[in-house]
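> Before I ask anything, let me first share the structure, which is written out below as structure tokens.
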Amino acid sequence: MKGKFKILFLLISIIMQLTAGAQQVKLLTSGTKTSIRGLSVVNDKVIWVSGSSGMVGRSLDSGNTWKWITVKGFEKTEFRDIEAFDETSAIVMAIAEPAYMLRTNDGGENWKVVFEDKSKGMFLDAMEFWNDESGIVIGDPIKNHFFIARTFDGGYTWKNIPVANYPVADSGEACFASSGTNIRKLNKSEAVFISGGLKSRMFIRDKKIDLPIIQGTETTGANSIAVKSSKHMIVVGGDFNTKDAAEKNCFITKDGGKSWNAPDSPLHGYRSCVEYLNKKNWVSCGLNGVDYSKDDGKNWQWISKDGYHVCRKAKTGKAVFFAGGGGRIGKLQLK
């Protein structure tokens, strides 16, 4: 009998440990008429989002209440990415034609155009900042060359890198403006970006690395990359026309892209965003829900079946937020 009680006690202890560490996504708000793909979490309290119909949202109380702004003159614009610096300052990215970036310094009451490009075919995909001063924006290929511009003054001015330095794209290769996370800082001075479509690759300066992710059509390929270190990264994507397909939608490298491994248990569908959290914890989201990994991406648990386009961790803090269609915003919580 004592042996049976010991086994029972062991089982109860294991279940309690697993339950204590489980995650869930709490819905904070929904119903605002915008599809959100831009999300920037300054700290555990200050969150900014951007989306369709020229909408920008801001919360100063951990997402409990939101102020929604329609940027004047941009009522039909898709703001696919946002970079926030504090509770009053942020930059939004308007994708195409023409492509714009706008900056506010008063909490979204007024916006100034800091970048404008009316070139035919111009389509911006994502921004990334190393710090409050240094940033980069990437755009789809024009004449088979990816567009890149840099800022060194907090986004007040942007300058295209020399055309000769634009990365060359293959036919049918582009980037997906699905979550603002297809370009990430790799270290203090370098960035890494990923592509999709007929060809899916990872670009680090002059290096072009073929990805094993599903590709070959306009709707397939890598959508997002997250960086744990300059060697350790996870890429996610799939086919956004097949939201439940789990084939070749996630790959992990621990040697800077020399080799790639698929998870032992895959993500549960197409994923538009992946985020490194801490230690061995990662989170990824897409049209059919949210997956969480506690073992560096080897195994993923489906923690929510609510669809989100983007997930981001606080730059300073521990909070993790999600945003998606229909003005949906969620927060990662322990059960």
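Letters for chains follow the order of the structure tokens (A, B, ...), residue numbers begin at 1 for each chain, and ligand numbers begin at 1 in the order shown.
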At a cut-off of 6 Å, can you tabulate as JSON lines every residue of segment 91-140 of chain A near segment 147-161 of chain A together with its closest atom pair and the distance in Å to one decimal, using only C-alpha atoms and ordering rows by chain then number?

```
{"residue": "A:Val114", "atom": "CA", "partner": "A:Tyr156", "partner_atom": "CA", "distance": 5.6}
{"residue": "A:Asp132", "atom": "CA", "partner": "A:Gly154", "partner_atom": "CA", "distance": 5.5}
{"residue": "A:Glu133", "atom": "CA", "partner": "A:Gly154", "partner_atom": "CA", "distance": 3.9}
{"residue": "A:Ser134", "atom": "CA", "partner": "A:Phe152", "partner_atom": "CA", "distance": 4.4}
{"residue": "A:Gly135", "atom": "CA", "partner": "A:Thr151", "partner_atom": "CA", "distance": 5.2}
{"residue": "A:Ile136", "atom": "CA", "partner": "A:Arg150", "partner_atom": "CA", "distance": 4.5}
{"residue": "A:Val137", "atom": "CA", "partner": "A:Ala149", "partner_atom": "CA", "distance": 5.4}
{"residue": "A:Ile138", "atom": "CA", "partner": "A:Ile148", "partner_atom": "CA", "distance": 4.7}
{"residue": "A:Gly139", "atom": "CA", "partner": "A:Phe147", "partner_atom": "CA", "distance": 4.7}
```
> Where in segment 77-254 of chain A does DSSP assign strand (DSSP E), given as a count of residues only?
84
> Please list as a PyMOL selection string every residue within 10 Å of segment 220-223 of chain A, counting only C-alpha atoms and excluding residues in the same chain fewer than 4 positions away.
chain A and resi 173-183+193-202+211-216+235-242+248-251+270-274
> Quick one: which segment 42-79 of chain A residues come within 8 Å of segment 313-335 of chain A, and what is the nearest atom pair for each with the distance in Å to one decimal, counting only C-alpha atoms, rows ordered by chain and ascending number, as CSV?

```
residue,atom,partner,partner_atom,distance
A:Val42,CA,A:Lys315,CA,5.4
A:Asn43,CA,A:Thr316,CA,4.8
A:Asp44,CA,A:Ala319,CA,5.2
A:Val49,CA,A:Ala323,CA,7.7
```
> I need the chosen residues saved as a tab-separated table (two decimals), in the first residue's frame, with N, CA, C and O atoms.

```tsv
chain	number	residue	atom	x	y	z
A	42	VAL	N	6.84	48.69	-24.95
A	42	VAL	CA	7.95	49.46	-24.37
A	42	VAL	C	8.37	48.86	-23.04
A	42	VAL	O	9.55	48.63	-22.78
A	43	ASN	N	7.39	48.63	-22.18
A	43	ASN	CA	7.62	48.01	-20.88
A	43	ASN	C	6.33	47.30	-20.46
A	43	ASN	O	5.42	47.15	-21.28
A	44	ASP	N	6.25	46.87	-19.23
A	44	ASP	CA	5.08	46.09	-18.81
A	44	ASP	C	3.78	46.89	-18.82
A	44	ASP	O	2.69	46.32	-18.76
A	49	VAL	N	0.04	49.71	-30.69
A	49	VAL	CA	-0.30	48.83	-31.81
A	49	VAL	C	-0.65	49.67	-33.02
A	49	VAL	O	-1.01	50.85	-32.89
```
> Please provide as a PyMOL selection string all residues within 9 Å of Val46 of chain A, with the sequence filter that same-chain residues fewer than 5 positions apart are discarded (counting only C-alpha atoms).
chain A and resi 40-41+58-63+84+86-87+314
> Deliver the residues from the most recent selection as a file, using N, CA and C atoms, as a PDB file, in the first residue's frame.

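selection28.pdb, freshly written:
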```pdb
ATOM      1  N   SER A  40       4.335  47.055 -30.479  1.00  0.00           N
ATOM      2  CA  SER A  40       5.578  47.432 -29.814  1.00  0.00           C
ATOM      3  C   SER A  40       5.303  47.596 -28.330  1.00  0.00           C
ATOM      4  N   VAL A  41       6.020  46.814 -27.517  1.00  0.00           N
ATOM      5  CA  VAL A  41       5.804  46.811 -26.069  1.00  0.00           C
ATOM      6  C   VAL A  41       7.016  47.471 -25.419  1.00  0.00           C
ATOM      7  N   ARG A  58      -2.969  52.793 -28.166  1.00  0.00           N
ATOM      8  CA  ARG A  58      -1.957  52.938 -27.119  1.00  0.00           C
ATOM      9  C   ARG A  58      -2.584  52.640 -25.758  1.00  0.00           C
ATOM     10  N   SER A  59      -1.851  51.886 -24.946  1.00  0.00           N
ATOM     11  CA  SER A  59      -2.263  51.624 -23.572  1.00  0.00           C
ATOM     12  C   SER A  59      -1.134  51.989 -22.632  1.00  0.00           C
ATOM     13  N   LEU A  60      -1.484  52.606 -21.521  1.00  0.00           N
ATOM     14  CA  LEU A  60      -0.490  52.990 -20.515  1.00  0.00           C
ATOM     15  C   LEU A  60      -0.687  52.240 -19.214  1.00  0.00           C
ATOM     16  N   ASP A  61      -1.585  51.233 -19.243  1.00  0.00           N
ATOM     17  CA  ASP A  61      -1.887  50.505 -18.003  1.00  0.00           C
ATOM     18  C   ASP A  61      -1.913  48.991 -18.235  1.00  0.00           C
ATOM     19  N   SER A  62      -0.905  48.508 -18.942  1.00  0.00           N
ATOM     20  CA  SER A  62      -0.739  47.065 -19.176  1.00  0.00           C
ATOM     21  C   SER A  62      -1.828  46.458 -20.046  1.00  0.00           C
ATOM     22  N   GLY A  63      -2.466  47.287 -20.855  1.00  0.00           N
ATOM     23  CA  GLY A  63      -3.463  46.781 -21.791  1.00  0.00           C
ATOM     24  C   GLY A  63      -4.876  46.741 -21.263  1.00  0.00           C
ATOM     25  N   ALA A  84       7.761  51.825 -30.864  1.00  0.00           N
ATOM     26  CA  ALA A  84       7.501  52.811 -29.814  1.00  0.00           C
ATOM     27  C   ALA A  84       8.728  52.960 -28.934  1.00  0.00           C
ATOM     28  N   ASP A  86       8.625  55.305 -26.031  1.00  0.00           N
ATOM     29  CA  ASP A  86       8.140  55.585 -24.679  1.00  0.00           C
ATOM     30  C   ASP A  86       6.641  55.827 -24.772  1.00  0.00           C
ATOM     31  N   GLU A  87       6.049  56.428 -23.771  1.00  0.00           N
ATOM     32  CA  GLU A  87       4.590  56.593 -23.772  1.00  0.00           C
ATOM     33  C   GLU A  87       4.107  57.687 -24.718  1.00  0.00           C
ATOM     34  N   ALA A 314       7.949  42.671 -23.855  1.00  0.00           N
ATOM     35  CA  ALA A 314       8.364  44.007 -23.453  1.00  0.00           C
ATOM     36  C   ALA A 314       9.875  44.171 -23.617  1.00  0.00           C
TER      37      ALA A 314
END
```
> What's the 12 Å shell around Ala99 of chain A, counting only C-alpha atoms, without same-chain residues fewer than 5 positions away, as a VMD selection string?
chain A and resid 74 77 to 80 92 to 94 113 to 126 137 to 140 147
> Output C-alpha atoms for every residue in the selection just made, as a PDB file, in the first residue's frame.

```pdb
ATOM      1  CA  PHE A  74      -4.192  58.184 -43.629  1.00  0.00           C
ATOM      2  CA  THR A  77      -3.675  53.205 -44.845  1.00  0.00           C
ATOM      3  CA  GLU A  78      -2.267  49.881 -43.641  1.00  0.00           C
ATOM      4  CA  PHE A  79       0.158  50.492 -40.790  1.00  0.00           C
ATOM      5  CA  ARG A  80       1.889  47.100 -40.738  1.00  0.00           C
ATOM      6  CA  VAL A  92       4.445  53.806 -37.778  1.00  0.00           C
ATOM      7  CA  MET A  93       5.161  52.234 -41.157  1.00  0.00           C
ATOM      8  CA  ALA A  94       2.686  52.515 -44.037  1.00  0.00           C
ATOM      9  CA  VAL A 113       5.926  62.269 -42.213  1.00  0.00           C
ATOM     10  CA  VAL A 114       9.592  61.275 -41.786  1.00  0.00           C
ATOM     11  CA  PHE A 115       9.870  59.024 -44.870  1.00  0.00           C
ATOM     12  CA  GLU A 116       8.068  59.020 -48.220  1.00  0.00           C
ATOM     13  CA  ASP A 117       8.738  56.991 -51.362  1.00  0.00           C
ATOM     14  CA  LYS A 118       6.429  57.031 -54.378  1.00  0.00           C
ATOM     15  CA  SER A 119       8.479  54.632 -56.493  1.00  0.00           C
ATOM     16  CA  LYS A 120       6.416  52.154 -58.491  1.00  0.00           C
ATOM     17  CA  GLY A 121       6.391  48.796 -56.713  1.00  0.00           C
ATOM     18  CA  MET A 122       7.556  50.205 -53.363  1.00  0.00           C
ATOM     19  CA  PHE A 123       6.254  48.047 -50.501  1.00  0.00           C
ATOM     20  CA  LEU A 124       7.693  48.262 -46.983  1.00  0.00           C
ATOM     21  CA  ASP A 125       7.635  45.112 -44.844  1.00  0.00           C
ATOM     22  CA  ALA A 126       9.132  45.744 -41.402  1.00  0.00           C
ATOM     23  CA  VAL A 137      13.505  49.322 -42.618  1.00  0.00           C
ATOM     24  CA  ILE A 138      13.223  46.680 -45.327  1.00  0.00           C
ATOM     25  CA  GLY A 139      11.009  46.568 -48.408  1.00  0.00           C
ATOM     26  CA  ASP A 140      10.086  44.133 -51.171  1.00  0.00           C
ATOM     27  CA  PHE A 147      14.962  47.912 -50.496  1.00  0.00           C
TER      28      PHE A 147
END
```
> Quick one: residues within 9 Å of Asn187 of chain A, only C-alpha atoms counted, chain neighbours fewer than 5 positions away excluded, as a ChimeraX atom specification?
/A:130,229-230
> Kindly save the residues from that selection, with N, CA, C and O atoms included, as a PDB file, in the first residue's frame.

```
ATOM      1  N   TRP A 130      17.898  48.942 -33.144  1.00  0.00           N
ATOM      2  CA  TRP A 130      18.881  48.421 -32.197  1.00  0.00           C
ATOM      3  C   TRP A 130      18.750  49.135 -30.852  1.00  0.00           C
ATOM      4  O   TRP A 130      18.987  48.557 -29.807  1.00  0.00           O
ATOM      5  N   SER A 229      20.485  34.325 -29.879  1.00  0.00           N
ATOM      6  CA  SER A 229      21.881  34.759 -29.975  1.00  0.00           C
ATOM      7  C   SER A 229      22.227  34.847 -31.452  1.00  0.00           C
ATOM      8  O   SER A 229      21.412  34.484 -32.312  1.00  0.00           O
ATOM      9  N   SER A 230      23.433  35.293 -31.775  1.00  0.00           N
ATOM     10  CA  SER A 230      23.821  35.429 -33.180  1.00  0.00           C
ATOM     11  C   SER A 230      23.880  34.079 -33.885  1.00  0.00           C
ATOM     12  O   SER A 230      23.898  34.020 -35.116  1.00  0.00           O
TER      13      SER A 230
END
```
> Under the rule that only C-alpha atoms are counted, which of A:Lys254, A:Arg205, A:Arg184, A:Lys76 is the nearest residue to Ile225 of chain A?
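Once distances to Ile225 of chain A are computed over only C-alpha atoms, the minimum belongs to A:Arg184.
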> Go through A:Gly286, A:Asn64, A:Lys231, A:Thr219 and flag the residue nearest Gly257 of chain A, using only C-alpha atoms for the distances.
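Looking at the shortest contact to Gly257 of chain A, the residue is A:Lys231.
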> Do a neighbour search on Ile303 of chain A at 12 Å with only C-alpha atoms, toss out local chain neighbours closer than 6 positions, and write the hits as JSON, numbers by chain.
{"A": [21, 22, 23, 24, 25, 26, 267, 268, 283, 284, 285, 288, 289, 290, 291, 292, 293, 332, 333, 334, 335]}
> Filtering to N, CA, C and O atoms, could you give me those residues as a tab-separated table (two decimals), in the first residue's frame?

```
chain	number	residue	atom	x	y	z
A	21	GLY	N	3.17	25.51	-14.45
A	21	GLY	CA	3.96	26.16	-15.48
A	21	GLY	C	3.21	26.40	-16.76
A	21	GLY	O	3.76	26.90	-17.73
A	22	ALA	N	1.94	26.02	-16.81
A	22	ALA	CA	1.15	26.15	-18.04
A	22	ALA	C	0.87	27.62	-18.34
A	22	ALA	O	0.82	28.46	-17.45
A	23	GLN	N	0.66	27.91	-19.63
A	23	GLN	CA	0.41	29.27	-20.07
A	23	GLN	C	-0.96	29.37	-20.71
A	23	GLN	O	-1.51	28.39	-21.20
A	24	GLN	N	-1.48	30.59	-20.72
A	24	GLN	CA	-2.71	30.85	-21.46
A	24	GLN	C	-2.67	32.29	-21.96
A	24	GLN	O	-1.86	33.09	-21.50
A	25	VAL	N	-3.53	32.60	-22.92
A	25	VAL	CA	-3.62	33.96	-23.45
A	25	VAL	C	-4.95	34.56	-23.02
A	25	VAL	O	-6.02	34.02	-23.33
A	26	LYS	N	-4.88	35.66	-22.31
A	26	LYS	CA	-6.08	36.36	-21.85
A	26	LYS	C	-6.44	37.45	-22.85
A	26	LYS	O	-5.62	38.30	-23.19
A	267	LEU	N	4.70	23.21	-34.70
A	267	LEU	CA	3.67	24.22	-34.51
A	267	LEU	C	2.38	23.73	-35.17
A	267	LEU	O	2.41	22.99	-36.14
A	268	HIS	N	1.25	24.20	-34.66
A	268	HIS	CA	-0.03	23.64	-35.06
A	268	HIS	C	-0.69	24.39	-36.22
A	268	HIS	O	-1.92	24.51	-36.27
A	283	VAL	N	7.47	31.79	-27.96
A	283	VAL	CA	6.05	31.79	-28.27
A	283	VAL	C	5.87	32.13	-29.75
A	283	VAL	O	6.68	32.86	-30.33
A	284	SER	N	4.83	31.57	-30.37
A	284	SER	CA	4.56	31.81	-31.78
A	284	SER	C	3.06	31.88	-32.00
A	284	SER	O	2.29	31.17	-31.34
A	285	CYS	N	2.63	32.73	-32.94
A	285	CYS	CA	1.18	32.87	-33.17
A	285	CYS	C	0.87	32.93	-34.66
A	285	CYS	O	1.73	33.21	-35.49
A	288	ASN	N	-4.64	30.45	-36.55
A	288	ASN	CA	-5.46	29.49	-35.79
A	288	ASN	C	-5.01	29.34	-34.34
A	288	ASN	O	-5.40	28.40	-33.67
A	289	GLY	N	-4.17	30.27	-33.85
A	289	GLY	CA	-3.85	30.21	-32.44
A	289	GLY	C	-2.42	30.50	-32.07
A	289	GLY	O	-1.64	31.03	-32.86
A	290	VAL	N	-2.08	30.09	-30.84
A	290	VAL	CA	-0.78	30.40	-30.24
A	290	VAL	C	-0.12	29.13	-29.74
A	290	VAL	O	-0.77	28.30	-29.09
A	291	ASP	N	1.17	28.97	-30.03
A	291	ASP	CA	1.96	27.85	-29.53
A	291	ASP	C	3.04	28.36	-28.59
A	291	ASP	O	3.59	29.45	-28.79
A	292	TYR	N	3.39	27.51	-27.60
A	292	TYR	CA	4.40	27.88	-26.60
A	292	TYR	C	5.40	26.74	-26.46
A	292	TYR	O	5.02	25.57	-26.42
A	293	SER	N	6.68	27.09	-26.39
A	293	SER	CA	7.73	26.09	-26.21
A	293	SER	C	8.57	26.42	-24.98
A	293	SER	O	8.95	27.57	-24.77
A	332	LEU	N	-0.16	37.23	-22.46
A	332	LEU	CA	0.27	35.93	-21.95
A	332	LEU	C	0.20	35.92	-20.43
A	332	LEU	O	0.68	36.84	-19.79
A	333	GLN	N	-0.41	34.85	-19.90
A	333	GLN	CA	-0.57	34.72	-18.46
A	333	GLN	C	-0.29	33.30	-18.00
A	333	GLN	O	-0.49	32.34	-18.74
A	334	LEU	N	0.13	33.19	-16.73
A	334	LEU	CA	0.22	31.88	-16.11
A	334	LEU	C	-1.16	31.46	-15.66
A	334	LEU	O	-1.94	32.28	-15.18
A	335	LYS	N	-1.48	30.19	-15.84
A	335	LYS	CA	-2.77	29.70	-15.35
A	335	LYS	C	-2.77	29.66	-13.83
A	335	LYS	O	-1.73	29.45	-13.20
```
> For Asn131 of chain A, which residue out of A:Asp295, A:Leu27, A:Lys185, A:Thr88 is the nearest one, using only C-alpha atoms?
A:Lys185
